[in-house]
Amino acid sequence: MKNEPESSERTSYSYRFGTAEFDEARFELRVAGLPVDVERRALEVLLYLLRHAGEVVTKEELLREVWAGRITVDKVLPNAINKLRRALGEANAERLLTQPRVGYRLDGAVERVAVGRRMASQLDVGAGQPVPGRENFLLRRQLGSNRGSEVWLAEHAKTREQRVYKFAADGERLRALKREVTLARVLQESLEDRRHFVDIIDWNFESAPFFLECEFGGQNLLEWAETELAATSQEQRLELFLQIADAVADAHSVGVLHKDLKPANVLIAPQDGGWLIRLTDFGSGRLLDPERVEKLGITRLGLTMTQNLAADSSSGTPLYIAPEVFAGHTPTAQSDVFALGIMLYQLLAGRLNRPMVSGWEQDIGDDLLREDIRLATDGEPQRRLASAAEFAARLREREQRRALREHTARREQQAEQARDLLARNRARRPYLVALMTALVVGILIVLGLYQTALRARNAARQELQRAVAINRFLNEDLIGRSNPLLVAKGQSVTLKDLLLGARERIARRFAGQPETEASIRNSLVTLFNMLDLLPEAEAEARQALALYERSQGEASLDALRARAMLIRVLTRTSKFDEAHTQLQTLDRLTGAAQDSYSRYLRNAAWGMYHMNQGEYAKALPEYLIAVPAQREAEPDNFTVGDSMRMDLIYAYTQNGKLAEARQEGESLIAEINARGDDNGLVPAFAKAAIARTYTMQGELAKAEEQLKQAQKTIVELLGPDHTRNIMVLSDLLDVAVKRHDWPQALDYAQRMHQGFLAKFGPEHTFTNVTAISLSQVLFESGDSRQALALLEPAYARLVAQFKPENPQSQAAAYWLAAVRLDLGQTEAAAPLLQTLDAKALESVAADGNWPARLDAARGLLLLQGGDRAAAQPLLRSGVEGLKNSEGERMAALARQALAGR
């Protein structure tokens with residue numbers, strides 16, 4: 001199994017401010033619509049300021065980012081700023097502000113519009129490539145980048161062990177890597193407990209690209225927060241922060257300053273039912289006692305060039321930099337405490353990277369925590385908490401401090417009551433005046449409330465009528481209709497019977513109440529969808545949408561939700577053209593809205609659309625946006641939230657992100673168990689999804705056991721013919737295929753295909769996809785003629801519905817070509833093989849063997865066409881690539897061809 005290589009490109013933007021426009025893709029500045037000639041370095045300064053619009057960017061940061069590793073003169077940055085101001089013109093230049101002794105800031109609104117894509121990697125590395133000098137480790141995805149440096153996640157090709165590589169392309173970045181190695185060794189030699197620090201395994205400082213090889217410590221706190229932070233309590237957030245503070249305190253205890261504390265440099269990973277925090281990226285750090293290196297016998301890598309801490313340019317990220325460091329003073333342990341205070345505020349407020357501005361106290365409900373944050377972030381170091389250890393101690397002693405404060409407050413209250421009693425005895429007459437005033441105010445308030453009550457009475461009557469109608473619907477049309485005396489089905493009245501009967505009475509029951517009727521119909525859509533009654537679900541979805549549009553308008557939230565539900569049903573019934581039209585309408589109605597409801601509805605709909613077409617690489621980013629947005633928009637709607645998380649797990653798996661899929665699945669099961677109100681069905685779905693990751697990693701016995709456990713629950717609650725059980729059969733089929741147990745695989749494949757055929761008919765996507773799986777097993781079992789009869793119509797339908805390059809169409813084309821080659825239909829197989837792409841096939845079934853299968857098939861094609869010389873290299877490549885898949889028929893056919901049989 002291999003992950004599909006991720007794109008090495010990233011989006012470029014056009015920035016507009018005032019009358020100026022800068023196009024990042026063309027690197028062109030226009031003012032009032034006319035191009036302006038400006039030297040490259042000045043434009044790079046402008047681009048960096050635009051990316052950090054509204055923030056103060058230090059001079060050191062600009063020099064480091066724009067002139068990285070180059071020798072500069074004192075005036076190089078002011079000269080570039082002056083050239084920019086002249087080029088921008090007087091009005092636009094007023095927005096380029098100088099922050100005395102610190103740096104520069106681009107003020108005012110900046111509009112950013114995506115204009116294209118460009119290469120993100122500045123080094124000669126990319127996803128899917130081996131790490132230079134570490135050929136067994138393959139680069140998977142880029143975790144971060146800066147000018148001249150990049151951080152990548154890599155995975156061992158066989159063991160799947162994950163590691164992180166930090167690359168540097170120049171001398172300045174190399175010094176930062178060396179500095180990080182030195183400080184890591186100081187921590188390693190000085191501390192007994194190092195679990196809160198990332199271990200550095202190895203490094204290459206001899207040849208470019210230089211790099212550090214580090215253990216994988218988990219997601220950074222920013223990424224983790226997108227999906228997990230909202231679900232954590234205040235106490236859990238404090239526990240996480242205390243791990244961070246303890247780690248910083250441990251580093252300070254041995255003289256190591258971090259100097260760039262921020263959420264991106266904090267890693268988090270699950271451990272023993274909780275979370276383990278690790279600090280990383282000490283590349284900006286320093287030693288308070290440089291002589292400690294010699295005492296420990298450690299080579300002073302990266303520390304020989306910069307002994308003066310105050311002169312160091314690598315002073316951290318502006319949002320977390322203490323004021324005294326901005327002013328040019330030497331960083332101290334209290335500078336790290338300042339950054340810790342900012343991070344505690346952000347964690348408790350639930351929004352990482354949020355700046356602390358006036359009014360921040362309103363985000364923190366506990367007055368003791370407000371006091372601690374205020375002391376940690378005091379602008380004067382003399383008043384700030386002295387150390388991270390003191391900060392942590394105060395947080396741990398919060399309840400004792402609260403009890404002491406409450407005791408003191410009670411004593412003060414008693415004293416105040418005594419003083420008030422004495423004052424009342426001395427001034428009874430003014431008290432009577434105050435009493436009369438209070439009575440007059442009270443009468444006015446009562447009159448106002450009476451008027452409000454009159455206005456609300458009509459609305460209350462309407463709500464009462466709605467409640468009565470819903471109550472009668474539930475009691476008479478649903479619960480009442482389960483009575484065997486009313487339904488001629490004896491004791492066998494099913495949920496399906498009740499729902500189908502009730503839907504016929506909805507319009508009459510809710511006549512004159514269109515919004516209530518629409519709400520009931522929308523609920524029926526979910527139930528019918530779950531029961532695989534898709535025509536009924538589609539009809540209810542259309543009626544609900546029409547009712548909402550008439551009563552509220554097409555852009556109302558209820559109408560948007562109804563449209564998103566209709567799109568989901570349309571994709572399940574393979575009506576992709578209409579689904580795409582509805583998606584475009586949804587995009588138009590939500591526009592550029594970035595509220596949580598709009599993001600959730602829009603991205604979830606697109607994710608489902610791509611998922612049901614087999615476009616898993618497109619589906620995953622949609623779900624990564626939709627899932628946290630839904631949790632933020634509807635925190636108590638567990639039904640929708642659980643369903644979307646199941647979709648996310650499947651998208652992770654199909655993109656080869658097995659660790660993420662497993663973690664999401666286990667997290668979902670734990671949350672459902674903690675809620676304690678589930679019948680076991682969704683956990684069974686999640687267990688089946690996790691089992692799929694075991695299959696892809698070759699742990700077949702474990703996968704099969706977990707699938708059969710999940711299947712037992714699913715069949716008990718939904719029945720053997722339900723779609724969910726058929727999906728489990730598909731997963732069991734994958735296990736049998738990987739074992740090359742073709743008789744068992746044939747049984748699973750036939751049951752799966754017949755199930756979808758009976759449920760959805762021959763035209764449905766699922767029916768044709770399962771026909772491909774059955775044909776594959778028939779081919780492997782030696783029955784190519786029966787496979788051909790299934791494949792030809794399935795391939796034609798998939799190409800007509802999608803395109804030849806669609807992953808499902810590609811899979812059908814490969815097996816159709818294989819079957820035709822086996823039957824000697826060379827001319828018919830040739831055009832199919834020309835359309836095939838290994839990457840597309842890998843996205844359907846990722847096992848890393850598709851290039852070898854294609855080589856073998858193309859070699860057979862050449863051999864059957866009489867070109868043995870050209871065929872042999874391809875056949876040898878196919879045999880070699882499939883040597884671990886000897887149970888596959890294509891491998892056997894290629895070996896026989898090489899042997900001349």
# chains A, B, ... in the order shown; residues from 1 in each chain; ligands from 1
call {"tool": "select_by_dssp", "arguments": {"residues": "stretch 610-728 of chain A", "states": "helix (DSSP H, G or I)", "output": "PDB file with C-alpha atoms, in the first residue's frame"}}
result
ATOM      1  CA  HIS A 610     -16.998  13.666  -4.819  1.00  0.00           C
ATOM      2  CA  MET A 611     -17.100  10.605  -2.538  1.00  0.00           C
ATOM      3  CA  ASN A 612     -19.895   8.882  -4.436  1.00  0.00           C
ATOM      4  CA  TYR A 616     -11.589  10.623  -2.806  1.00  0.00           C
ATOM      5  CA  ALA A 617      -8.713  13.112  -3.089  1.00  0.00           C
ATOM      6  CA  LYS A 618     -11.275  15.851  -3.763  1.00  0.00           C
ATOM      7  CA  ALA A 619     -13.660  14.661  -1.040  1.00  0.00           C
ATOM      8  CA  LEU A 620     -11.178  14.689   1.863  1.00  0.00           C
ATOM      9  CA  PRO A 621     -10.456  18.454   2.053  1.00  0.00           C
ATOM     10  CA  GLU A 622     -14.196  19.144   1.887  1.00  0.00           C
ATOM     11  CA  TYR A 623     -14.849  16.958   4.927  1.00  0.00           C
ATOM     12  CA  LEU A 624     -11.887  18.415   6.819  1.00  0.00           C
ATOM     13  CA  ILE A 625     -13.701  21.761   6.612  1.00  0.00           C
ATOM     14  CA  ALA A 626     -17.259  20.466   7.031  1.00  0.00           C
ATOM     15  CA  VAL A 627     -16.798  18.280  10.135  1.00  0.00           C
ATOM     16  CA  PRO A 628     -15.464  20.976  12.536  1.00  0.00           C
ATOM     17  CA  ALA A 629     -17.872  23.522  11.030  1.00  0.00           C
ATOM     18  CA  GLN A 630     -20.847  21.234  11.752  1.00  0.00           C
ATOM     19  CA  ARG A 631     -19.657  20.704  15.306  1.00  0.00           C
ATOM     20  CA  GLU A 632     -19.435  24.462  15.785  1.00  0.00           C
ATOM     21  CA  ALA A 633     -22.817  25.132  14.128  1.00  0.00           C
ATOM     22  CA  PHE A 638     -24.906  14.088  17.181  1.00  0.00           C
ATOM     23  CA  THR A 639     -26.802  12.221  14.441  1.00  0.00           C
ATOM     24  CA  VAL A 640     -25.486  14.448  11.657  1.00  0.00           C
ATOM     25  CA  GLY A 641     -22.084  14.876  13.322  1.00  0.00           C
ATOM     26  CA  ASP A 642     -21.526  11.113  13.670  1.00  0.00           C
ATOM     27  CA  SER A 643     -22.583  10.506  10.057  1.00  0.00           C
ATOM     28  CA  MET A 644     -20.189  13.132   8.720  1.00  0.00           C
ATOM     29  CA  ARG A 645     -17.326  11.794  10.803  1.00  0.00           C
ATOM     30  CA  MET A 646     -17.948   8.343   9.306  1.00  0.00           C
ATOM     31  CA  ASP A 647     -17.636   9.938   5.863  1.00  0.00           C
ATOM     32  CA  LEU A 648     -14.377  11.587   6.989  1.00  0.00           C
ATOM     33  CA  ILE A 649     -12.979   8.243   8.179  1.00  0.00           C
ATOM     34  CA  TYR A 650     -13.745   6.668   4.793  1.00  0.00           C
ATOM     35  CA  ALA A 651     -12.168   9.610   2.958  1.00  0.00           C
ATOM     36  CA  TYR A 652      -9.040   9.332   5.109  1.00  0.00           C
ATOM     37  CA  THR A 653      -8.801   5.608   4.363  1.00  0.00           C
ATOM     38  CA  GLN A 654      -9.283   5.947   0.617  1.00  0.00           C
ATOM     39  CA  LEU A 658      -4.688   5.193   7.728  1.00  0.00           C
ATOM     40  CA  ALA A 659      -3.392   6.549  11.032  1.00  0.00           C
ATOM     41  CA  GLU A 660      -5.738   9.530  10.788  1.00  0.00           C
ATOM     42  CA  ALA A 661      -8.661   7.263   9.857  1.00  0.00           C
ATOM     43  CA  ARG A 662      -8.029   4.962  12.791  1.00  0.00           C
ATOM     44  CA  GLN A 663      -7.610   7.830  15.236  1.00  0.00           C
ATOM     45  CA  GLU A 664     -10.849   9.462  14.055  1.00  0.00           C
ATOM     46  CA  GLY A 665     -12.725   6.161  14.308  1.00  0.00           C
ATOM     47  CA  GLU A 666     -11.479   5.372  17.811  1.00  0.00           C
ATOM     48  CA  SER A 667     -12.247   8.929  18.918  1.00  0.00           C
ATOM     49  CA  LEU A 668     -15.801   8.634  17.546  1.00  0.00           C
ATOM     50  CA  ILE A 669     -16.411   5.336  19.363  1.00  0.00           C
ATOM     51  CA  ALA A 670     -15.087   6.793  22.625  1.00  0.00           C
ATOM     52  CA  GLU A 671     -17.344   9.855  22.343  1.00  0.00           C
ATOM     53  CA  ILE A 672     -20.438   7.759  21.599  1.00  0.00           C
ATOM     54  CA  ASN A 673     -19.724   5.456  24.551  1.00  0.00           C
ATOM     55  CA  ALA A 674     -19.254   8.497  26.795  1.00  0.00           C
ATOM     56  CA  ARG A 675     -22.664   9.851  25.731  1.00  0.00           C
ATOM     57  CA  LEU A 681     -25.052   0.894  15.537  1.00  0.00           C
ATOM     58  CA  VAL A 682     -22.728   3.837  14.835  1.00  0.00           C
ATOM     59  CA  PRO A 683     -19.866   2.259  16.844  1.00  0.00           C
ATOM     60  CA  ALA A 684     -20.345  -0.839  14.653  1.00  0.00           C
ATOM     61  CA  PHE A 685     -20.042   1.349  11.537  1.00  0.00           C
ATOM     62  CA  ALA A 686     -16.874   2.890  12.988  1.00  0.00           C
ATOM     63  CA  LYS A 687     -15.393  -0.526  13.863  1.00  0.00           C
ATOM     64  CA  ALA A 688     -15.962  -1.647  10.279  1.00  0.00           C
ATOM     65  CA  ALA A 689     -14.241   1.504   9.028  1.00  0.00           C
ATOM     66  CA  ILE A 690     -11.251   0.923  11.333  1.00  0.00           C
ATOM     67  CA  ALA A 691     -11.092  -2.698  10.166  1.00  0.00           C
ATOM     68  CA  ARG A 692     -10.611  -1.403   6.622  1.00  0.00           C
ATOM     69  CA  THR A 693      -7.340   0.241   7.719  1.00  0.00           C
ATOM     70  CA  TYR A 694      -6.116  -3.088   9.116  1.00  0.00           C
ATOM     71  CA  THR A 695      -6.884  -4.725   5.769  1.00  0.00           C
ATOM     72  CA  MET A 696      -4.837  -2.123   3.914  1.00  0.00           C
ATOM     73  CA  LEU A 700      -6.035  -9.535   7.741  1.00  0.00           C
ATOM     74  CA  ALA A 701      -7.008 -11.700  10.724  1.00  0.00           C
ATOM     75  CA  LYS A 702      -7.555  -8.642  12.900  1.00  0.00           C
ATOM     76  CA  ALA A 703      -9.552  -6.952  10.145  1.00  0.00           C
ATOM     77  CA  GLU A 704     -11.762  -9.982   9.549  1.00  0.00           C
ATOM     78  CA  GLU A 705     -12.526 -10.458  13.268  1.00  0.00           C
ATOM     79  CA  GLN A 706     -13.521  -6.810  13.720  1.00  0.00           C
ATOM     80  CA  LEU A 707     -15.632  -6.809  10.535  1.00  0.00           C
ATOM     81  CA  LYS A 708     -17.609  -9.842  11.643  1.00  0.00           C
ATOM     82  CA  GLN A 709     -18.225  -8.302  15.070  1.00  0.00           C
ATOM     83  CA  ALA A 710     -19.533  -5.137  13.415  1.00  0.00           C
ATOM     84  CA  GLN A 711     -21.593  -7.165  10.932  1.00  0.00           C
ATOM     85  CA  LYS A 712     -23.399  -8.978  13.730  1.00  0.00           C
ATOM     86  CA  THR A 713     -24.681  -5.703  15.211  1.00  0.00           C
ATOM     87  CA  ILE A 714     -25.567  -4.239  11.796  1.00  0.00           C
ATOM     88  CA  VAL A 715     -27.576  -7.305  10.725  1.00  0.00           C
ATOM     89  CA  GLU A 716     -29.398  -7.462  14.090  1.00  0.00           C
ATOM     90  CA  LEU A 717     -30.470  -3.802  13.899  1.00  0.00           C
ATOM     91  CA  LEU A 718     -30.843  -3.173  10.147  1.00  0.00           C
ATOM     92  CA  THR A 723     -26.660  -1.159   2.405  1.00  0.00           C
ATOM     93  CA  ARG A 724     -24.440  -1.061   5.482  1.00  0.00           C
ATOM     94  CA  ASN A 725     -24.253  -4.858   5.606  1.00  0.00           C
ATOM     95  CA  ILE A 726     -23.456  -4.979   1.895  1.00  0.00           C
ATOM     96  CA  MET A 727     -20.606  -2.528   2.556  1.00  0.00           C
ATOM     97  CA  VAL A 728     -19.267  -4.898   5.232  1.00  0.00           C
TER      98      VAL A 728
END
call {"tool": "residues_around", "arguments": {"residues": "A:Arg568", "least_positions_apart": "4", "cutoff": "10 Å", "atoms": "only C-alpha atoms", "output": "list in words"}}
result
Asn529, Glu538, Ala541, Ala562, Arg563, Ala564, Arg572, Thr573, Ala579, Ala604, Ala605, Trp606, Gly607, Met608, Tyr609 and Asn612 of chain A
call {"tool": "atom_distance", "arguments": {"atom1": "atom CA of A:Lys75", "atom2": "atom CA of A:Val325"}}
result
22.1 Å
call {"tool": "atom_distance", "arguments": {"atom1": "atom CA of A:Leu187", "atom2": "atom CA of A:Asn220"}}
result
20.7 Å
call {"tool": "residues_around", "arguments": {"residues": "A:Ala392", "least_positions_apart": "2", "cutoff": "7 Å", "atoms": "only C-alpha atoms", "output": "ChimeraX atom specification"}}
result
/A:242,245-246,388-390,394-396
call {"tool": "atom_distance", "arguments": {"atom1": "atom CA of A:Asp199", "atom2": "atom CA of A:Leu143"}}
result
17.5 Å
call {"tool": "select_by_dssp", "arguments": {"residues": "stretch 71-216 of chain A", "states": "strand (DSSP E)", "output": "PyMOL selection string"}}
result
chain A and resi 96-99+103-106+111-119+130-131+134-146+149-156+162-168+200-204+210-215
call {"tool": "closest_residue", "arguments": {"among": "A:Asn265, A:Asp107, A:Ala409, A:Gly283", "to": "A:Val181", "atoms": "only C-alpha atoms"}}
result
A:Gly283
call {"tool": "residues_around", "arguments": {"residues": "A:Ala114", "least_positions_apart": "5", "cutoff": "12 Å", "atoms": "only C-alpha atoms", "output": "ChimeraX atom specification"}}
result
/A:10-16,22-25
call {"tool": "write_last_selection", "arguments": {"atoms": "N, CA and C atoms", "output": "tab-separated table (two decimals), in the first residue's frame"}}
result
chain	number	residue	atom	x	y	z
A	10	ARG	N	0.75	24.99	-4.61
A	10	ARG	CA	-0.13	25.70	-3.70
A	10	ARG	C	-0.72	26.90	-4.40
A	11	THR	N	-1.78	27.43	-3.81
A	11	THR	CA	-2.53	28.51	-4.45
A	11	THR	C	-1.76	29.82	-4.42
A	12	SER	N	-1.79	30.55	-5.54
A	12	SER	CA	-1.28	31.91	-5.59
A	12	SER	C	-2.45	32.87	-5.52
A	13	TYR	N	-2.19	34.10	-5.05
A	13	TYR	CA	-3.27	35.06	-4.84
A	13	TYR	C	-2.96	36.41	-5.48
A	14	SER	N	-4.03	37.11	-5.74
A	14	SER	CA	-3.94	38.52	-6.13
A	14	SER	C	-4.43	39.34	-4.94
A	15	TYR	N	-3.59	40.32	-4.51
A	15	TYR	CA	-3.93	41.14	-3.35
A	15	TYR	C	-4.31	42.54	-3.83
A	16	ARG	N	-5.42	43.09	-3.29
A	16	ARG	CA	-5.84	44.44	-3.64
A	16	ARG	C	-5.95	45.28	-2.38
A	22	PHE	N	-1.43	43.55	-6.38
A	22	PHE	CA	-0.21	42.75	-6.57
A	22	PHE	C	-0.61	41.32	-6.89
A	23	ASP	N	-0.15	40.82	-8.06
A	23	ASP	CA	-0.44	39.47	-8.52
A	23	ASP	C	0.76	38.59	-8.17
A	24	GLU	N	0.55	37.67	-7.22
A	24	GLU	CA	1.63	36.81	-6.75
A	24	GLU	C	2.12	35.85	-7.82
A	25	ALA	N	1.18	35.37	-8.65
A	25	ALA	CA	1.56	34.39	-9.69
A	25	ALA	C	2.49	35.03	-10.73
